[in-house]
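This report concerns only the one structure given below.
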Amino acid sequence: MAIGVASFNLLQPVIGNYFCLIDENMWGIIRQNVGVTGGLSSQGLGNHMMRLRPVASAMRNYSSATKEMTVRDALNSALDEEMAADPNVFVMGEEVGEYQGAYKITKGLLDKYGPERVVDTPITEAGFAGIGVGAAYHGLRPVIEFMTFNFSMQAIDHVINSAAKSNYMSAGQINVPIVFRGPNGPAAGVGAQHSQCYGAWYGSVPGLKVLVPYSSEDARGLLKAAIRDPDPVVFLENELLYGESFPVSAESLDSSFCLPIGKAKIEREGKDITITAFSKMVGYALKAAEILEKDGINAEVINLRSIRPLDRATINASVRKTNRLVTVEEGFPQHGIGAEICASVVEDSFGYLDAPVERIAGADVPTPYAANLERMAFPQIEDIVRAAKRACYRSVPMSATA
Amino acid sequence: MFGSINHTSSVTNSLFSRQFLHPPLQDHAGIKPFFGGRRSHTATSFSNDVDQLPTEAPLQQELNFPGGKVKFMPKRIFTSGSNEERTNCYRVLNENGELIVDSDSLKISKELGVKMYKDMVTLQVMDTIFYEAQRQGRVSFYLTTIGEEAINIASAAALDNNDFVFPQYREPGVLLWRGFTLQEFANQLFGNKYDYGKGRQMPIHYGSKKHNYVTVSSTVATQIPQAVGAAYSMKMQKQDSCTITYFGDGGSSTGDFHAGLNFSAVMEVPVIFFCRNNGWAISTPISDQFRSDGIVVRGKAYGVPSIRVDGNDALAIYSAVYEARKMAIEKQTPVLIEALTYRAGHHSTSDDSTKYRPVDEIEWWRDDQNPVKWFKTWIENKGWWSDQAESEQRSSVRKQLSQAIQAAERVEKPPVADMFNDVYDVPPKNLNEQEVILRENIKKHAQEYPSNVAV
């Protein structure tokens with residue numbers, strides 16, 4: 001992907017001076033110029049990651065147990081390292097400082113970097129988003145936290161009209177190296193105004209990059225890439241994933257670790273059906289794949305990692321291999337991510353489809369609060385299994401039962 | 001025990017409230033309770049209790065509240081919402097172009113004064129001619145600064161070229177002051193290949209990195225928090241400069257205004273908020289926009305030092321902005337300046353303001369309160385200007401403008417490639433593909449595409 005490579009070229013001056021943070025949560029690795037030299041493409045690094053995975057830290061002198069890390073710690077360590085490496089990076093948002101972050105993602109940063117680089121704000125998303133953009137216009141690299149992306153609606157004019165479009169409208173005179181991050185989509189029992197997924201909204205805007213990490217490695221690699229990127233990035237996290245632990249490779253713990261923006265990851269290879277998902281739904285899709293395996297359906301699960309740019313090449317290549325597609329998302333069905341993926345596949349790989357594309361999305365209602373209703377409003381593992389079977393022309397019961 | 005009317009439940013509290021009903025009593029010991037009207041509501045046991053109270057502890061005169069001590073007052077006084085006494089307006093030149101006696105103003109050199117005047121004239125002539133060009137159909141849109149020439153030029157003159165400018169849209173004079181040429185203005189209006197904006201924006205959306213003038217963006221007042229953020233960046237980088245942002249009376253109603261001013265005071269950043277209160281937001285008069293005493297009073301609400309200045313007095317504006325900049329940088333504080341003026345022209349070429357305001361009002365402000373004319377009188381009195389210089393300046397500018405317009409009109413438009421770049425730092429694959437498809441299409445169906453666009 002052109003973007004991934006370009007981002008790395010820009011990283012050269014930064015990488016040369018890199019050293020990893022020593023933090024009690026992390027391994028101490030002091031290294032310079034890790035793995036990314038000259039024009040080595042980020043794809044190369046990505047593949048390198050995947051090959052290394054099963055061979056846990058064979059080249060290290062550390063413990064041989066695979067290291068695990070929560071998504072929260074992954075994000076915190078990524079922020080910490082980027083702030084240490086570049087004094088222009090600063091964090092701004094409600095409760096990010098003294099409170100250590102509404103979800104503790106920015107824990108410890110205020111003590112370490114001081115109130116000028118970890119800025120607690122009054123309650124005005126429009127205000128601090130606009131201020132962040134202004135600071136970015138003048139050369140700082142803000143990381144703006146929205147307590148949830150539902151609140152970003154207060155600031156969406158600044159995200160889109162002040163950040164996304166500025167490079168184009170100023171004809172390259174103003175670029176906006178800003179990151180807007182925070183939890184996106186439903187949590188558990190937080191009701192309609194706190195549960196919407198904004199992937200489709202931001203994913204439709206040219207000038208933005210929209211990332212959707214799933215695992216801790218995704219979180220670290222994509223957040224670091226986002227902070228180093230010269231364009232505005234919307235970084236959609238998930239509250240329920242913060243506490244989840246994932247194994248992390250030694251490579252991913254290095255302070256210069258970055259994942260390419262715009263490249264999806266094949267989490268599980270398969271040959272019968274392609275399931276695309278992002279964020280929390282990747283976990284559900286993987287579990288659905290295990291269930292399907294027992295029924296003789298070998299599913300390939302794609303972790304999108306990036307909504308804009310969308311990795312159409314990987315998705316289409318997979319569908320050409322499997323001939324069937326199920327898209328999964330938590331957001332509202334109309335004009336969603338699945339609609340875009342379906343269109344892309346129909347445009348590029350129509351002849352390869354053996355069945356209509358199945359879209360799984362959240363129900364077309366404002367999210368209800370009652371736990372039983374909420375469960376019915378979002379995709380569950382059984383929904384993914386049923387859709388996959390439908391795409392494989394297996395008989396299935398009609399629809400979800402409470 | 002106590003009557004239901006008595007709002008306090010404990011004896012000490014009732015003593016406390018008694019403080020409120022009477023002027024502070026000198027001697028707290030052995031006070032005979034005298035409640036006046038309240039007496040009828042209290043039970044007899046109440047006064048018995050009071051006699052037994054300790055009398056040494058002094059009663060609270062003020063509340064130690066976060067942010068500072070607040071004095072109590074026993075009188076129920078509401079501060080008035082109306083504007084009986086309006087904030088005074090700083091002016092140093094009277095309408096005869098004479099310096100007012102005992103005025104605080106800065107001495108300016110002949111060179112500075114003459115440049116200021118020349119630029120005000122250039123701005124005036126530029127506006128007239130470009131407006132006419134729009135009326136002739138050569139340019140699609142234009143918006144004039146008639147009546148606000150002093151605000152534009154004098155404020156720019158008081159700043160340094162390193163100060164970042166975040167304009168609304170009625171401040172091309174600031175860019176003019178900093179050296180943007182008439183040809184560069186014309187190129188943007190015609191959206192030709194020399195336009196720094198690569199033809200992507202409507203006319204008057206100028207921007208120039210080399211002049212530290214952030215590209216005009218149509219969204220109203222979004223530049224206000226942006227200016228605060230950029231000022232924060234200057235503070236972090238310890239630069240000896242400030243940011244200035246301009247907006248109108250209408251822009252002051254937005255949420256961004258509130259957030260920007262509030263934040264700037266909390267973050268203590270070097271930003272100048274310059275409000276051009278010109279009486280009108282398209283067709284909305286200020287009486288429909290707010291009921292406060294203009295915008296200057298809001299500064300105090302946010303903890304921002306403020307001043308109201310005569311927007312048609314170039315010297316007052318220069319002096320106020322000069323001092324504001326000094327304050328902003330030396331003390332790292334925001335400053336609010338409200339300039340009272342009048343939008344003598346229509347909102348834009350899409351507007352006919354005679355439809356919603358009286359013609360004689362427009363004429364009075366445009367002719368009698370003309371800032372260019374006032375400043376001219378002053379520099380003429382100082383012997384720095386003459387009628388001959390005036391006609392030379394005006395005809396020279398007119399000539400340059402018509403040459404610039406003709407040249408800009410003839411220049412090619414930006415090439416097709418400029419449609420696809422700058423969306424991101426590096427063009428992504430999908431845009432590259434679309435560009436290839438478009439070029440193939442243009443080759444195949446050349447007659448359907450405009451001939452003055454380079455492929």
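Every chain in the structure tokens takes a letter, A first, then B, and so on in the order presented; its residues are numbered from 1, and the ligands are numbered from 1 following the presented order.
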Interface rows for chain A against chain B: nearest pair, Å to one decimal, 9 Å, only C-alpha atoms, as a Markdown table:
```
| residue | atom | partner | partner_atom | distance |
| --- | --- | --- | --- | --- |
| A:Met1 | CA | B:Lys429 | CA | 7.1 |
| A:Ala2 | CA | B:Pro428 | CA | 6.0 |
| A:Ile3 | CA | B:Pro428 | CA | 6.0 |
| A:Ala6 | CA | B:Val426 | CA | 6.9 |
| A:Ser7 | CA | B:Val426 | CA | 8.7 |
| A:Asn88 | CA | B:Met236 | CA | 8.7 |
| A:Glu116 | CA | B:Met236 | CA | 7.5 |
| A:Arg117 | CA | B:Met236 | CA | 8.9 |
| A:Thr121 | CA | B:Phe263 | CA | 7.9 |
| A:Pro122 | CA | B:Phe263 | CA | 7.4 |
| A:Ile123 | CA | B:Ala259 | CA | 8.8 |
| A:Thr124 | CA | B:Ala259 | CA | 6.4 |
| A:Glu125 | CA | B:Ala259 | CA | 8.8 |
| A:Ala126 | CA | B:Asp256 | CA | 6.6 |
| A:Gly127 | CA | B:Ala259 | CA | 4.6 |
| A:Phe128 | CA | B:Pro225 | CA | 7.4 |
| A:Ala129 | CA | B:Pro225 | CA | 8.2 |
| A:Gly130 | CA | B:Pro225 | CA | 5.0 |
| A:Ile131 | CA | B:Gly229 | CA | 3.9 |
| A:Gly132 | CA | B:Gly229 | CA | 5.7 |
| A:Val133 | CA | B:Gln226 | CA | 6.0 |
| A:Gly134 | CA | B:Gln226 | CA | 3.6 |
| A:Ala135 | CA | B:Ala230 | CA | 4.2 |
| A:Ala136 | CA | B:Ala230 | CA | 7.3 |
| A:Tyr137 | CA | B:Ala230 | CA | 6.7 |
| A:His138 | CA | B:Ala230 | CA | 5.3 |
| A:Gly139 | CA | B:Ser233 | CA | 7.2 |
| A:Leu140 | CA | B:Ser233 | CA | 6.2 |
| A:Asp157 | CA | B:Thr222 | CA | 8.5 |
| A:His158 | CA | B:Thr222 | CA | 7.3 |
| A:Asn161 | CA | B:Thr219 | CA | 7.7 |
| A:Ser162 | CA | B:Thr222 | CA | 7.6 |
| A:Ala164 | CA | B:Val423 | CA | 8.2 |
| A:Lys165 | CA | B:Val423 | CA | 7.2 |
| A:Ser166 | CA | B:Thr215 | CA | 8.5 |
| A:Asn167 | CA | B:Asp422 | CA | 5.7 |
| A:Tyr168 | CA | B:Asp422 | CA | 4.7 |
| A:Met169 | CA | B:Arg200 | CA | 6.0 |
| A:Ser170 | CA | B:Gly197 | CA | 5.4 |
| A:Ala171 | CA | B:Gly197 | CA | 4.8 |
| A:Gly172 | CA | B:Asp422 | CA | 5.5 |
| A:Gln173 | CA | B:Lys209 | CA | 5.9 |
| A:Ile174 | CA | B:Lys209 | CA | 7.6 |
| A:Asn175 | CA | B:Asp425 | CA | 7.8 |
| A:Pro206 | CA | B:Val423 | CA | 6.6 |
| A:Gly207 | CA | B:Val423 | CA | 4.9 |
| A:Leu208 | CA | B:Tyr424 | CA | 7.8 |
| A:Lys209 | CA | B:Tyr424 | CA | 8.8 |
| A:Asp229 | CA | B:Asp425 | CA | 8.6 |
| A:Pro230 | CA | B:Asp425 | CA | 6.4 |
| A:Asp231 | CA | B:Tyr424 | CA | 6.1 |
| A:Pro232 | CA | B:Tyr424 | CA | 8.7 |
| A:Pro309 | CA | B:Pro428 | CA | 7.9 |
```
Report as number ranges by chain all protein, DNA and RNA residues lying within 10 Å of Tyr198 of chain A, evaluated on only C-alpha atoms, omitting residues in the same chain fewer than 4 positions from it. A: 149-150, 152-153, 184-185, 202-203, 210, 234, 236, 330-332, 336
Pick out each residue of segment 185-260 of chain A that DSSP on the backbone tags as strand (DSSP E); I need them as a ChimeraX atom specification. /A:209-211,233-237,245-248
Could you turn the residues from that selection into a file that holds all heavy atoms, as a short mmCIF file (atom, residue, chain, number, x, y, z; two decimals), in the first residue's frame?
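And here is the file that came out, part.cif:
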```cif
data_model
loop_
_atom_site.label_atom_id
_atom_site.label_comp_id
_atom_site.auth_asym_id
_atom_site.auth_seq_id
_atom_site.Cartn_x
_atom_site.Cartn_y
_atom_site.Cartn_z
N LYS A 209 -7.87 9.45 7.88
CA LYS A 209 -7.56 8.02 7.90
C LYS A 209 -8.31 7.48 9.12
O LYS A 209 -8.37 8.15 10.15
CB LYS A 209 -6.05 7.81 8.03
CG LYS A 209 -5.34 8.26 6.77
CD LYS A 209 -3.83 8.18 6.86
CE LYS A 209 -3.23 8.67 5.54
NZ LYS A 209 -1.80 8.94 5.63
N VAL A 210 -8.90 6.32 8.98
CA VAL A 210 -9.70 5.78 10.08
C VAL A 210 -9.19 4.39 10.41
O VAL A 210 -9.18 3.50 9.56
CB VAL A 210 -11.20 5.71 9.68
CG1 VAL A 210 -12.02 5.16 10.83
CG2 VAL A 210 -11.70 7.09 9.29
N LEU A 211 -8.76 4.21 11.66
CA LEU A 211 -8.16 2.94 12.07
C LEU A 211 -9.02 2.28 13.14
O LEU A 211 -9.62 2.95 13.97
CB LEU A 211 -6.75 3.18 12.62
CG LEU A 211 -5.79 3.83 11.62
CD1 LEU A 211 -4.45 4.08 12.29
CD2 LEU A 211 -5.62 2.95 10.41
N VAL A 233 -5.91 11.45 11.74
CA VAL A 233 -6.30 10.05 11.88
C VAL A 233 -7.39 9.95 12.94
O VAL A 233 -7.26 10.51 14.03
CB VAL A 233 -5.10 9.18 12.31
CG1 VAL A 233 -5.54 7.72 12.46
CG2 VAL A 233 -3.97 9.29 11.31
N VAL A 234 -8.45 9.22 12.62
CA VAL A 234 -9.49 8.91 13.60
C VAL A 234 -9.23 7.49 14.07
O VAL A 234 -9.18 6.57 13.26
CB VAL A 234 -10.89 9.04 12.95
CG1 VAL A 234 -11.95 8.42 13.85
CG2 VAL A 234 -11.20 10.50 12.69
N PHE A 235 -9.03 7.33 15.36
CA PHE A 235 -8.57 6.05 15.90
C PHE A 235 -9.68 5.50 16.78
O PHE A 235 -9.88 5.95 17.91
CB PHE A 235 -7.30 6.32 16.71
CG PHE A 235 -6.51 5.09 17.04
CD1 PHE A 235 -5.63 4.54 16.11
CD2 PHE A 235 -6.62 4.48 18.28
CE1 PHE A 235 -4.89 3.42 16.41
CE2 PHE A 235 -5.87 3.34 18.58
CZ PHE A 235 -5.01 2.81 17.65
N LEU A 236 -10.42 4.52 16.25
CA LEU A 236 -11.60 4.02 16.95
C LEU A 236 -11.27 2.81 17.80
O LEU A 236 -10.98 1.73 17.27
CB LEU A 236 -12.68 3.65 15.92
CG LEU A 236 -13.07 4.79 14.96
CD1 LEU A 236 -14.04 4.28 13.90
CD2 LEU A 236 -13.74 5.92 15.73
N GLU A 237 -11.32 2.99 19.12
CA GLU A 237 -11.01 1.89 20.03
C GLU A 237 -12.31 1.24 20.49
O GLU A 237 -13.37 1.52 19.94
CB GLU A 237 -10.22 2.45 21.22
CG GLU A 237 -8.92 3.14 20.78
CD GLU A 237 -8.38 4.09 21.85
OE1 GLU A 237 -8.98 4.19 22.95
OE2 GLU A 237 -7.36 4.75 21.58
N SER A 245 -6.63 -9.21 27.28
CA SER A 245 -5.20 -9.48 27.09
C SER A 245 -4.95 -10.25 25.82
O SER A 245 -5.71 -11.15 25.48
CB SER A 245 -4.70 -10.35 28.25
OG SER A 245 -3.98 -9.58 29.14
N PHE A 246 -3.89 -9.91 25.14
CA PHE A 246 -3.51 -10.62 23.92
C PHE A 246 -2.03 -10.93 23.99
O PHE A 246 -1.25 -10.17 24.58
CB PHE A 246 -3.75 -9.76 22.68
CG PHE A 246 -5.19 -9.48 22.39
CD1 PHE A 246 -5.83 -8.38 22.95
CD2 PHE A 246 -5.90 -10.30 21.53
CE1 PHE A 246 -7.16 -8.11 22.67
CE2 PHE A 246 -7.24 -10.03 21.24
CZ PHE A 246 -7.86 -8.93 21.81
N PRO A 247 -1.60 -12.03 23.37
CA PRO A 247 -0.17 -12.25 23.31
C PRO A 247 0.47 -11.22 22.38
O PRO A 247 -0.11 -10.82 21.38
CB PRO A 247 -0.05 -13.66 22.71
CG PRO A 247 -1.34 -13.93 22.06
CD PRO A 247 -2.38 -13.07 22.72
N VAL A 248 1.66 -10.76 22.76
CA VAL A 248 2.38 -9.78 21.92
C VAL A 248 3.77 -10.29 21.65
O VAL A 248 4.43 -10.82 22.53
CB VAL A 248 2.46 -8.40 22.60
CG1 VAL A 248 1.16 -7.64 22.45
CG2 VAL A 248 2.84 -8.51 24.06
#
```
Report as a count of residues only: the residues of segment 105-204 of chain B with a DSSP assignment of helix (DSSP H, G or I), based on the backbone of this structure. 50
